[in-house]
>>> print(open('final.txt').read())   # compact mmCIF, C-alpha atoms
# COMPACT_ATOMS: atom_id res chain seq x y z
CA MET A 1 40.33 17.48 -2.40
CA ALA A 2 38.48 19.29 0.40
CA MET A 3 35.81 17.36 2.28
CA TYR A 4 33.15 18.77 4.59
CA TRP A 5 33.23 17.16 8.05
CA ASP A 6 29.88 16.64 9.75
CA PRO A 7 30.24 15.34 13.32
CA PHE A 8 26.72 13.81 13.34
CA ARG A 9 27.34 11.96 10.08
CA GLU A 10 30.64 10.71 11.44
CA LEU A 11 28.89 9.50 14.62
CA ASP A 12 26.30 7.65 12.50
CA ARG A 13 29.06 6.07 10.45
CA LEU A 14 30.96 4.93 13.56
CA ALA A 15 27.81 3.53 15.20
CA ALA A 16 26.89 1.66 12.01
CA GLY A 17 30.41 0.25 11.85
CA MET A 18 30.19 -1.06 15.41
CA LEU A 19 26.71 -2.53 15.02
CA ASP A 20 27.14 -3.93 11.52
CA SER A 21 29.62 -6.78 11.33
CA ARG A 22 31.43 -7.06 8.00
CA GLN A 23 30.39 -10.69 7.57
CA GLY A 24 26.65 -10.12 7.99
CA PRO A 25 24.23 -8.87 5.35
CA ARG A 26 23.38 -5.18 5.19
CA VAL A 27 19.82 -3.87 5.09
CA MET A 28 18.69 -2.08 1.95
CA PRO A 29 16.37 0.93 2.19
CA ILE A 30 12.95 0.40 0.60
CA ASP A 31 9.79 2.28 -0.28
CA LEU A 32 6.47 0.44 -0.55
CA HIS A 33 3.23 1.82 -1.94
CA ARG A 34 -0.04 0.64 -3.43
CA ASP A 35 -0.87 1.65 -6.97
CA GLY A 36 -4.35 0.47 -7.95
CA ASP A 37 -4.51 -3.32 -7.80
CA HIS A 38 -0.82 -3.94 -7.05
CA TYR A 39 1.90 -3.00 -4.58
CA VAL A 40 5.25 -1.62 -5.71
CA LEU A 41 8.37 -2.15 -3.61
CA SER A 42 11.41 -0.05 -4.59
CA ALA A 43 14.78 -0.99 -3.09
CA ASP A 44 17.90 1.18 -3.43
CA LEU A 45 20.81 -0.95 -4.66
CA PRO A 46 23.23 1.43 -6.39
CA GLY A 47 26.39 -0.12 -7.78
CA VAL A 48 25.07 -3.67 -7.46
CA ASP A 49 25.66 -6.12 -10.30
CA PRO A 50 22.17 -7.03 -11.62
CA GLY A 51 23.31 -10.66 -11.91
CA SER A 52 23.82 -10.82 -8.13
CA ILE A 53 20.23 -9.82 -7.32
CA GLY A 54 17.87 -12.58 -6.23
CA VAL A 55 14.16 -12.27 -5.46
CA ASP A 56 12.54 -15.35 -3.92
CA VAL A 57 9.04 -16.09 -2.64
CA ASP A 58 8.56 -18.96 -0.20
CA GLY A 59 4.95 -19.12 0.94
CA GLN A 60 4.30 -15.66 2.37
CA LEU A 61 7.99 -14.69 2.74
CA LEU A 62 9.56 -12.39 0.12
CA THR A 63 13.39 -12.36 0.20
CA ILE A 64 15.61 -9.95 -1.71
CA ARG A 65 19.36 -10.59 -1.85
CA ALA A 66 22.11 -8.66 -3.61
CA GLU A 67 25.89 -8.37 -3.61
CA ARG A 68 28.10 -5.31 -4.06
CA THR A 69 31.78 -6.14 -4.50
CA LEU A 70 34.53 -3.91 -3.17
CA ARG A 71 37.02 -2.50 -5.62
CA SER A 72 40.17 -4.47 -4.86
CA ASP A 73 42.93 -2.54 -6.62
CA SER A 74 45.94 -2.86 -4.31
CA ASP A 75 47.50 0.41 -5.46
CA VAL A 76 44.40 2.51 -4.57
CA GLN A 77 44.68 4.91 -1.66
CA TRP A 78 41.19 5.54 -0.24
CA LEU A 79 40.42 9.12 0.83
CA ALA A 80 36.83 8.28 1.78
CA HIS A 81 35.17 4.86 1.85
CA GLU A 82 31.56 5.15 3.02
CA ARG A 83 29.60 2.97 0.60
CA PRO A 84 29.11 -0.48 2.09
CA SER A 85 30.05 -3.57 0.14
CA GLY A 86 29.14 -7.19 0.68
CA SER A 87 25.77 -8.90 0.97
CA PHE A 88 22.46 -7.09 1.21
CA LEU A 89 19.32 -8.80 2.49
CA ARG A 90 15.72 -7.79 3.03
CA GLN A 91 12.83 -10.07 3.99
CA LEU A 92 9.17 -9.13 4.15
CA THR A 93 6.18 -11.17 5.19
CA LEU A 94 3.42 -10.86 2.62
CA GLY A 95 -0.17 -10.74 3.78
CA ASP A 96 -3.08 -12.74 2.48
CA GLY A 97 -4.82 -11.57 -0.65
CA LEU A 98 -1.69 -11.21 -2.81
CA ASP A 99 -0.99 -13.09 -6.02
CA THR A 100 2.49 -14.38 -5.15
CA ALA A 101 2.69 -16.41 -8.38
CA ALA A 102 2.52 -13.21 -10.47
CA ILE A 103 5.23 -11.18 -8.68
CA SER A 104 7.64 -9.50 -11.11
CA ALA A 105 10.88 -7.54 -10.65
CA HIS A 106 13.19 -5.30 -12.67
CA TYR A 107 16.39 -3.37 -11.93
CA ASP A 108 16.99 0.05 -13.46
CA ASN A 109 19.41 2.87 -12.50
CA GLY A 110 20.31 1.31 -9.16
CA VAL A 111 16.72 0.71 -8.05
CA LEU A 112 15.10 -2.73 -7.85
CA SER A 113 11.33 -2.55 -8.38
CA VAL A 114 9.19 -5.51 -7.28
CA VAL A 115 5.53 -5.49 -8.36
CA ILE A 116 3.21 -7.54 -6.15
CA PRO A 117 -0.34 -7.88 -7.57
CA VAL A 118 -3.44 -8.16 -5.42
CA SER A 119 -5.27 -11.45 -6.04
CA GLU A 120 -8.65 -11.38 -7.76
CA ARG A 121 -10.44 -12.71 -4.67
CA ALA A 122 -9.06 -9.85 -2.54
CA LYS A 123 -10.07 -7.03 -4.90
CA PRO A 124 -13.13 -4.97 -3.97
CA ARG A 125 -16.25 -6.05 -5.80
CA LYS A 126 -19.90 -5.09 -6.03
CA VAL A 127 -22.39 -7.54 -4.51
CA GLU A 128 -25.75 -7.67 -6.24
CA VAL A 129 -28.72 -7.47 -3.89
CA GLN A 130 -31.45 -9.97 -4.76
CA SER A 131 -35.09 -9.21 -4.02
CA ALA A 132 -37.55 -11.87 -2.91
CA PRO A 133 -39.97 -13.17 -5.57
CA ASN A 134 -43.53 -11.70 -5.50
CA SER A 135 -45.13 -14.97 -4.36
CA GLU A 136 -43.09 -15.00 -1.15
CA ARG A 137 -44.10 -11.41 -0.39
CA GLU A 138 -47.80 -12.26 -0.89
CA ILE A 139 -47.56 -15.26 1.48
CA SER A 140 -45.84 -13.15 4.12
CA ALA A 141 -48.47 -10.38 3.83
CA SER A 142 -51.49 -12.74 4.01
CA SER A 143 -50.21 -14.65 7.06
CA SER A 144 -50.08 -11.53 9.23
>>> encode(input="final.txt", output="structure tokens")
Amino acid sequence: MAMYWDPFRELDRLAAGMLDSRQGPRVMPIDLHRDGDHYVLSADLPGVDPGSIGVDVDGQLLTIRAERTLRSDSDVQWLAHERPSGSFLRQLTLGDGLDTAAISAHYDNGVLSVVIPVSERAKPRKVEVQSAPNSEREISASSS
């Protein structure tokens, strides 16, 4: 099997190997966007067992954990082994104005989606402008 060798990719792989200890958790790439009255966080977790994924909220801290196990067949001879295995961890501090009790998550095709709704009190609203009663206007006009 022929493989294309990219020196920059190899340098990135070596640097990541030196900076990332095998015992520590790996960082998962995420996208975050607002869609109407909720935020959607998408985390790439391909090959992760859905049962190993944990999403926790503690106050304003959102924690996502996952585990990808390494294939452990002793008779396998690896030709390339670039996909990391082990623990994955991502923590985000949530701002005020979010409904942390209504956060939901689902995992589909290797992507974890976490939906974070905006609380009712933080949503934009229209404020009605009240006018003064006529009697107050008449008093103000006659006193001048």
>>> residues_around(input="final.txt", residues="Pro124 (chain A)", least_positions_apart="4", cutoff="12 Å", atoms="all atoms listed in the file", output="PDB file with C-alpha atoms, in the coordinates of the input")
ATOM      1  CA  GLY A  36      -4.350   0.470  -7.950  1.00  0.00           C
ATOM      2  CA  ASP A  37      -4.510  -3.320  -7.800  1.00  0.00           C
ATOM      3  CA  GLY A  97      -4.820 -11.570  -0.650  1.00  0.00           C
ATOM      4  CA  VAL A 118      -3.440  -8.160  -5.420  1.00  0.00           C
ATOM      5  CA  SER A 119      -5.270 -11.450  -6.040  1.00  0.00           C
ATOM      6  CA  GLU A 120      -8.650 -11.380  -7.760  1.00  0.00           C
TER       7      GLU A 120
END
>>> closest_residue(input="final.txt", among="A:Pro117, A:Glu82, A:Leu94, A:Arg65", to="Asp35 (chain A)", atoms="all atoms listed in the file")
A:Pro117
>>> residues_around(input="final.txt", residues="Ile64 (chain A)", least_positions_apart="4", cutoff="9 Å", atoms="all atoms listed in the file", output="PDB file with C-alpha atoms, in the coordinates of the input")
ATOM      1  CA  ILE A  53      20.230  -9.820  -7.320  1.00  0.00           C
ATOM      2  CA  GLY A  54      17.870 -12.580  -6.230  1.00  0.00           C
ATOM      3  CA  VAL A  55      14.160 -12.270  -5.460  1.00  0.00           C
ATOM      4  CA  ASP A  56      12.540 -15.350  -3.920  1.00  0.00           C
ATOM      5  CA  PHE A  88      22.460  -7.090   1.210  1.00  0.00           C
ATOM      6  CA  LEU A  89      19.320  -8.800   2.490  1.00  0.00           C
ATOM      7  CA  ARG A  90      15.720  -7.790   3.030  1.00  0.00           C
ATOM      8  CA  GLN A  91      12.830 -10.070   3.990  1.00  0.00           C
ATOM      9  CA  LEU A  92       9.170  -9.130   4.150  1.00  0.00           C
TER      10      LEU A  92
END
>>> closest_residue(input="final.txt", among="A:Ser113, A:Thr100, A:Gln60, A:Thr69", to="His33 (chain A)", atoms="all atoms listed in the file")
A:Ser113
>>> closest_residue(input="final.txt", among="A:Ile116, A:Val111, A:Val129, A:Ala101", to="Pro29 (chain A)", atoms="only C-alpha atoms")
A:Val111
>>> atom_distance(input="final.txt", atom1="CA of Arg71 (chain A)", atom2="CA of Leu11 (chain A)")
24.9 Å
>>> axis_aligned_box(input="final.txt", around="region 92-101 of chain A", padding_each_side="5 Å", output="JSON")
{"center_x": 2.2, "center_y": -12.8, "center_z": -1.6, "size_x": 24.0, "size_y": 17.3, "size_z": 23.6}
>>> atom_distance(input="final.txt", atom1="CA of Pro84 (chain A)", atom2="CA of Ser104 (chain A)")
26.8 Å
>>> atom_distance(input="final.txt", atom1="CA of Lys123 (chain A)", atom2="CA of Leu32 (chain A)")
18.7 Å
>>> closest_residue(input="final.txt", among="A:Arg121, A:Ser42, A:Lys126, A:Phe8", to="Asp96 (chain A)", atoms="all atoms listed in the file")
A:Arg121
>>> closest_residue(input="final.txt", among="A:Leu62, A:Ile30, A:Leu112, A:Ala132", to="Pro50 (chain A)", atoms="only C-alpha atoms")
A:Leu112
>>> closest_residue(input="final.txt", among="A:Leu41, A:Ser85, A:Asp58, A:Gly47", to="Ala105 (chain A)", atoms="all atoms listed in the file")
A:Leu41
>>> decode(input="final.txt", residues="region 102-122 of chain A", atoms="N, CA, C and O atoms", output="PDB file, in the first residue's frame")
ATOM      1  N   ALA A 102     -31.887  22.882  30.840  1.00  0.00           N
ATOM      2  CA  ALA A 102     -32.535  22.341  29.641  1.00  0.00           C
ATOM      3  C   ALA A 102     -31.533  21.934  28.557  1.00  0.00           C
ATOM      4  O   ALA A 102     -31.906  21.736  27.406  1.00  0.00           O
ATOM      5  N   ILE A 103     -30.255  21.786  28.907  1.00  0.00           N
ATOM      6  CA  ILE A 103     -29.245  21.370  27.937  1.00  0.00           C
ATOM      7  C   ILE A 103     -29.526  19.928  27.505  1.00  0.00           C
ATOM      8  O   ILE A 103     -29.845  19.083  28.335  1.00  0.00           O
ATOM      9  N   SER A 104     -29.413  19.662  26.209  1.00  0.00           N
ATOM     10  CA  SER A 104     -29.610  18.310  25.693  1.00  0.00           C
ATOM     11  C   SER A 104     -28.435  17.942  24.790  1.00  0.00           C
ATOM     12  O   SER A 104     -27.727  18.823  24.295  1.00  0.00           O
ATOM     13  N   ALA A 105     -28.225  16.634  24.580  1.00  0.00           N
ATOM     14  CA  ALA A 105     -27.114  16.174  23.751  1.00  0.00           C
ATOM     15  C   ALA A 105     -27.505  14.911  23.006  1.00  0.00           C
ATOM     16  O   ALA A 105     -28.289  14.105  23.509  1.00  0.00           O
ATOM     17  N   HIS A 106     -26.958  14.761  21.784  1.00  0.00           N
ATOM     18  CA  HIS A 106     -27.120  13.507  21.052  1.00  0.00           C
ATOM     19  C   HIS A 106     -25.874  13.263  20.205  1.00  0.00           C
ATOM     20  O   HIS A 106     -25.161  14.192  19.824  1.00  0.00           O
ATOM     21  N   TYR A 107     -25.620  11.988  19.930  1.00  0.00           N
ATOM     22  CA  TYR A 107     -24.427  11.547  19.201  1.00  0.00           C
ATOM     23  C   TYR A 107     -24.874  10.841  17.941  1.00  0.00           C
ATOM     24  O   TYR A 107     -25.666   9.895  18.002  1.00  0.00           O
ATOM     25  N   ASP A 108     -24.391  11.316  16.782  1.00  0.00           N
ATOM     26  CA  ASP A 108     -24.794  10.730  15.516  1.00  0.00           C
ATOM     27  C   ASP A 108     -23.641  10.831  14.521  1.00  0.00           C
ATOM     28  O   ASP A 108     -23.079  11.921  14.329  1.00  0.00           O
ATOM     29  N   ASN A 109     -23.277   9.712  13.899  1.00  0.00           N
ATOM     30  CA  ASN A 109     -22.221   9.670  12.878  1.00  0.00           C
ATOM     31  C   ASN A 109     -20.902  10.289  13.337  1.00  0.00           C
ATOM     32  O   ASN A 109     -20.258  11.016  12.592  1.00  0.00           O
ATOM     33  N   GLY A 110     -20.523  10.025  14.578  1.00  0.00           N
ATOM     34  CA  GLY A 110     -19.239  10.494  15.082  1.00  0.00           C
ATOM     35  C   GLY A 110     -19.216  11.934  15.550  1.00  0.00           C
ATOM     36  O   GLY A 110     -18.162  12.467  15.865  1.00  0.00           O
ATOM     37  N   VAL A 111     -20.377  12.583  15.596  1.00  0.00           N
ATOM     38  CA  VAL A 111     -20.444  13.978  16.042  1.00  0.00           C
ATOM     39  C   VAL A 111     -21.401  14.070  17.235  1.00  0.00           C
ATOM     40  O   VAL A 111     -22.545  13.632  17.160  1.00  0.00           O
ATOM     41  N   LEU A 112     -20.894  14.648  18.326  1.00  0.00           N
ATOM     42  CA  LEU A 112     -21.726  14.917  19.496  1.00  0.00           C
ATOM     43  C   LEU A 112     -22.277  16.324  19.346  1.00  0.00           C
ATOM     44  O   LEU A 112     -21.517  17.269  19.148  1.00  0.00           O
ATOM     45  N   SER A 113     -23.593  16.463  19.416  1.00  0.00           N
ATOM     46  CA  SER A 113     -24.237  17.781  19.351  1.00  0.00           C
ATOM     47  C   SER A 113     -24.847  18.094  20.709  1.00  0.00           C
ATOM     48  O   SER A 113     -25.624  17.296  21.238  1.00  0.00           O
ATOM     49  N   VAL A 114     -24.481  19.243  21.261  1.00  0.00           N
ATOM     50  CA  VAL A 114     -25.002  19.694  22.549  1.00  0.00           C
ATOM     51  C   VAL A 114     -25.783  20.977  22.283  1.00  0.00           C
ATOM     52  O   VAL A 114     -25.234  21.935  21.734  1.00  0.00           O
ATOM     53  N   VAL A 115     -27.061  20.979  22.649  1.00  0.00           N
ATOM     54  CA  VAL A 115     -27.927  22.143  22.442  1.00  0.00           C
ATOM     55  C   VAL A 115     -28.088  22.857  23.776  1.00  0.00           C
ATOM     56  O   VAL A 115     -28.514  22.254  24.767  1.00  0.00           O
ATOM     57  N   ILE A 116     -27.726  24.154  23.784  1.00  0.00           N
ATOM     58  CA  ILE A 116     -27.752  24.957  25.003  1.00  0.00           C
ATOM     59  C   ILE A 116     -28.746  26.103  24.791  1.00  0.00           C
ATOM     60  O   ILE A 116     -28.442  27.054  24.060  1.00  0.00           O
ATOM     61  N   PRO A 117     -29.941  26.020  25.387  1.00  0.00           N
ATOM     62  CA  PRO A 117     -30.940  27.073  25.166  1.00  0.00           C
ATOM     63  C   PRO A 117     -30.629  28.357  25.934  1.00  0.00           C
ATOM     64  O   PRO A 117     -30.024  28.328  27.012  1.00  0.00           O
ATOM     65  N   VAL A 118     -31.053  29.471  25.350  1.00  0.00           N
ATOM     66  CA  VAL A 118     -30.968  30.770  26.011  1.00  0.00           C
ATOM     67  C   VAL A 118     -32.150  30.850  26.969  1.00  0.00           C
ATOM     68  O   VAL A 118     -33.262  30.445  26.634  1.00  0.00           O
ATOM     69  N   SER A 119     -31.924  31.359  28.181  1.00  0.00           N
ATOM     70  CA  SER A 119     -33.013  31.451  29.158  1.00  0.00           C
ATOM     71  C   SER A 119     -34.008  32.523  28.726  1.00  0.00           C
ATOM     72  O   SER A 119     -33.680  33.441  27.978  1.00  0.00           O
ATOM     73  N   GLU A 120     -35.229  32.383  29.204  1.00  0.00           N
ATOM     74  CA  GLU A 120     -36.295  33.331  28.851  1.00  0.00           C
ATOM     75  C   GLU A 120     -35.926  34.757  29.243  1.00  0.00           C
ATOM     76  O   GLU A 120     -36.204  35.693  28.517  1.00  0.00           O
ATOM     77  N   ARG A 121     -35.307  34.929  30.409  1.00  0.00           N
ATOM     78  CA  ARG A 121     -34.989  36.280  30.874  1.00  0.00           C
ATOM     79  C   ARG A 121     -33.890  36.942  30.050  1.00  0.00           C
ATOM     80  O   ARG A 121     -33.742  38.155  30.064  1.00  0.00           O
ATOM     81  N   ALA A 122     -33.113  36.158  29.287  1.00  0.00           N
ATOM     82  CA  ALA A 122     -32.035  36.723  28.481  1.00  0.00           C
ATOM     83  C   ALA A 122     -32.436  36.966  27.027  1.00  0.00           C
ATOM     84  O   ALA A 122     -31.687  37.567  26.272  1.00  0.00           O
TER      85      ALA A 122
END
